[in-house]
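*Asks:* Quick one: the structure is below, and I'll ask about it shortly.
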Amino acid sequence: MPDFCLDPDETEPERRRPVRLVASGLADTAEVPPQRRGPEPESCYAPCEACGASVLTGKTTAGVRLCLDTQQNTYTVDWPAGTPEPVLRHSRAYPVHRCEKS
């Protein structure tokens with residue numbers, strides 16, 4: 001049997017946009033994400049300057065900067081009237097970080 005090569009029926013048009021790899025394969029019609037300009041934003045998760053523990057830093061609505069301890073579990077107290085003891089429910093709140101060294 002002789003060797004042969006398949007020739008395309010039509011030539012591919014020139015691509016004007018970069019190709020992106022998406023879940024379904026290569027897509028030349030997908031929007032190109034914008035390029036980031038300038039330095040990367042500072043991470044809000046960083047080690048505490050005093051003790052090195054991982055903290056989440058942010059500002060309150062009053063503009064006060066706080067470090068929160070994300071490693072400590074917190075609970076909400078639910079104590080309905082007439083019940084002998086409260087029910088403790090896991091909370092998504094974080095306590096203010098207190099350094100063990102200070």
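In the structure tokens, chains take letters A, B, ... by order of appearance, with residues numbered from 1 within each chain and ligands from 1 in the order shown.
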With only C-alpha atoms as the counted atoms, please give the residues lying no more than 6 Å from region 91-99 of chain A, apart from itself and same-chain residues fewer than 6 positions off, as number ranges by chain.
*Replies:* A: 67-70, 74-76
*Asks:* Keeping N, CA, C and O atoms for every residue in the selection just given, could you write it to a file as an mmCIF file, in the first residue's frame?
*Replies:*
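The file below, part_27.cif, is the result:
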data_model
loop_
_atom_site.group_PDB
_atom_site.id
_atom_site.type_symbol
_atom_site.label_atom_id
_atom_site.label_comp_id
_atom_site.auth_asym_id
_atom_site.auth_seq_id
_atom_site.Cartn_x
_atom_site.Cartn_y
_atom_site.Cartn_z
ATOM 1 N N CYS A 67 -5.909 43.068 63.400
ATOM 2 C CA CYS A 67 -5.437 41.750 62.987
ATOM 3 C C CYS A 67 -6.341 40.727 63.652
ATOM 4 O O CYS A 67 -6.571 40.789 64.863
ATOM 5 N N LEU A 68 -6.862 39.784 62.863
ATOM 6 C CA LEU A 68 -7.772 38.776 63.386
ATOM 7 C C LEU A 68 -7.101 37.417 63.392
ATOM 8 O O LEU A 68 -6.356 37.064 62.480
ATOM 9 N N ASP A 69 -7.395 36.641 64.419
ATOM 10 C CA ASP A 69 -6.859 35.293 64.576
ATOM 11 C C ASP A 69 -7.809 34.318 63.888
ATOM 12 O O ASP A 69 -8.889 34.041 64.391
ATOM 13 N N THR A 70 -7.414 33.815 62.713
ATOM 14 C CA THR A 70 -8.280 32.906 61.955
ATOM 15 C C THR A 70 -8.114 31.450 62.369
ATOM 16 O O THR A 70 -8.850 30.594 61.896
ATOM 17 N N THR A 74 -14.533 29.965 67.025
ATOM 18 C CA THR A 74 -15.419 30.787 67.851
ATOM 19 C C THR A 74 -16.825 30.227 67.768
ATOM 20 O O THR A 74 -17.178 29.520 66.818
ATOM 21 N N TYR A 75 -17.647 30.571 68.763
ATOM 22 C CA TYR A 75 -19.001 30.026 68.854
ATOM 23 C C TYR A 75 -19.987 31.121 69.228
ATOM 24 O O TYR A 75 -19.647 32.068 69.935
ATOM 25 N N THR A 76 -21.199 30.973 68.741
ATOM 26 C CA THR A 76 -22.302 31.851 69.113
ATOM 27 C C THR A 76 -23.123 31.129 70.171
ATOM 28 O O THR A 76 -23.394 29.938 70.036
#
*Asks:* Skip Trp79 (chain A) itself and residues of its chain fewer than 6 positions away, then list as a list in words all residues within 12 Å of it, counting only C-alpha atoms.
*Replies:* Glu85, Pro86, Val87, Leu88 and Arg89 of chain A
*Asks:* Using CA of Ser54 (chain A) and CA of Pro39 (chain A) as the two end points, give the distance in Å to one decimal.
*Replies:*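 These atoms are spaced 22.7 Å apart.
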*Asks:* Tell me, as a list in words, which residues lie within 8 Å of region 57-66 of chain A, counting only C-alpha atoms; anything in the same chain fewer than 4 positions away does not count.
*Replies:*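 Final neighbour list, sorted by chain and number: Cys44, Tyr45, Ala46 and Val96 of chain A.
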*Asks:* Atoms to include: all heavy atoms. Write the selected residues as an mmCIF file, in the first residue's frame.
*Replies:*
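Okay, again07.cif is ready:
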data_model
loop_
_atom_site.group_PDB
_atom_site.id
_atom_site.type_symbol
_atom_site.label_atom_id
_atom_site.label_comp_id
_atom_site.auth_asym_id
_atom_site.auth_seq_id
_atom_site.Cartn_x
_atom_site.Cartn_y
_atom_site.Cartn_z
ATOM 1 N N CYS A 44 -3.776 40.221 52.467
ATOM 2 C CA CYS A 44 -4.361 40.508 53.778
ATOM 3 C C CYS A 44 -4.036 39.400 54.776
ATOM 4 O O CYS A 44 -4.204 39.578 55.971
ATOM 5 C CB CYS A 44 -5.867 40.681 53.642
ATOM 6 S SG CYS A 44 -6.304 42.150 52.705
ATOM 7 N N TYR A 45 -3.603 38.234 54.283
ATOM 8 C CA TYR A 45 -3.142 37.156 55.154
ATOM 9 C C TYR A 45 -1.625 37.260 55.225
ATOM 10 O O TYR A 45 -0.942 37.156 54.207
ATOM 11 C CB TYR A 45 -3.518 35.783 54.598
ATOM 12 C CG TYR A 45 -4.951 35.413 54.806
ATOM 13 C CD1 TYR A 45 -5.870 35.507 53.784
ATOM 14 C CD2 TYR A 45 -5.386 34.957 56.042
ATOM 15 C CE1 TYR A 45 -7.195 35.158 53.971
ATOM 16 C CE2 TYR A 45 -6.706 34.608 56.253
ATOM 17 C CZ TYR A 45 -7.599 34.710 55.211
ATOM 18 O OH TYR A 45 -8.909 34.365 55.404
ATOM 19 N N ALA A 46 -1.111 37.464 56.421
ATOM 20 C CA ALA A 46 0.335 37.602 56.592
ATOM 21 C C ALA A 46 0.695 37.224 58.024
ATOM 22 O O ALA A 46 -0.168 37.208 58.902
ATOM 23 C CB ALA A 46 0.763 39.037 56.306
ATOM 24 N N VAL A 96 -10.105 39.123 67.744
ATOM 25 C CA VAL A 96 -8.936 39.977 67.525
ATOM 26 C C VAL A 96 -7.706 39.195 67.976
ATOM 27 O O VAL A 96 -7.715 38.526 69.004
ATOM 28 C CB VAL A 96 -9.078 41.300 68.318
ATOM 29 C CG1 VAL A 96 -7.801 42.116 68.249
ATOM 30 C CG2 VAL A 96 -10.247 42.103 67.790
#
*Asks:* One decimal, in Å: what's the spacing between CA of Gly52 (chain A) and CA of Gln71 (chain A)?
*Replies:*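 Answer for the CA of Gly52 (chain A) to CA of Gln71 (chain A) separation: 12.9 Å.
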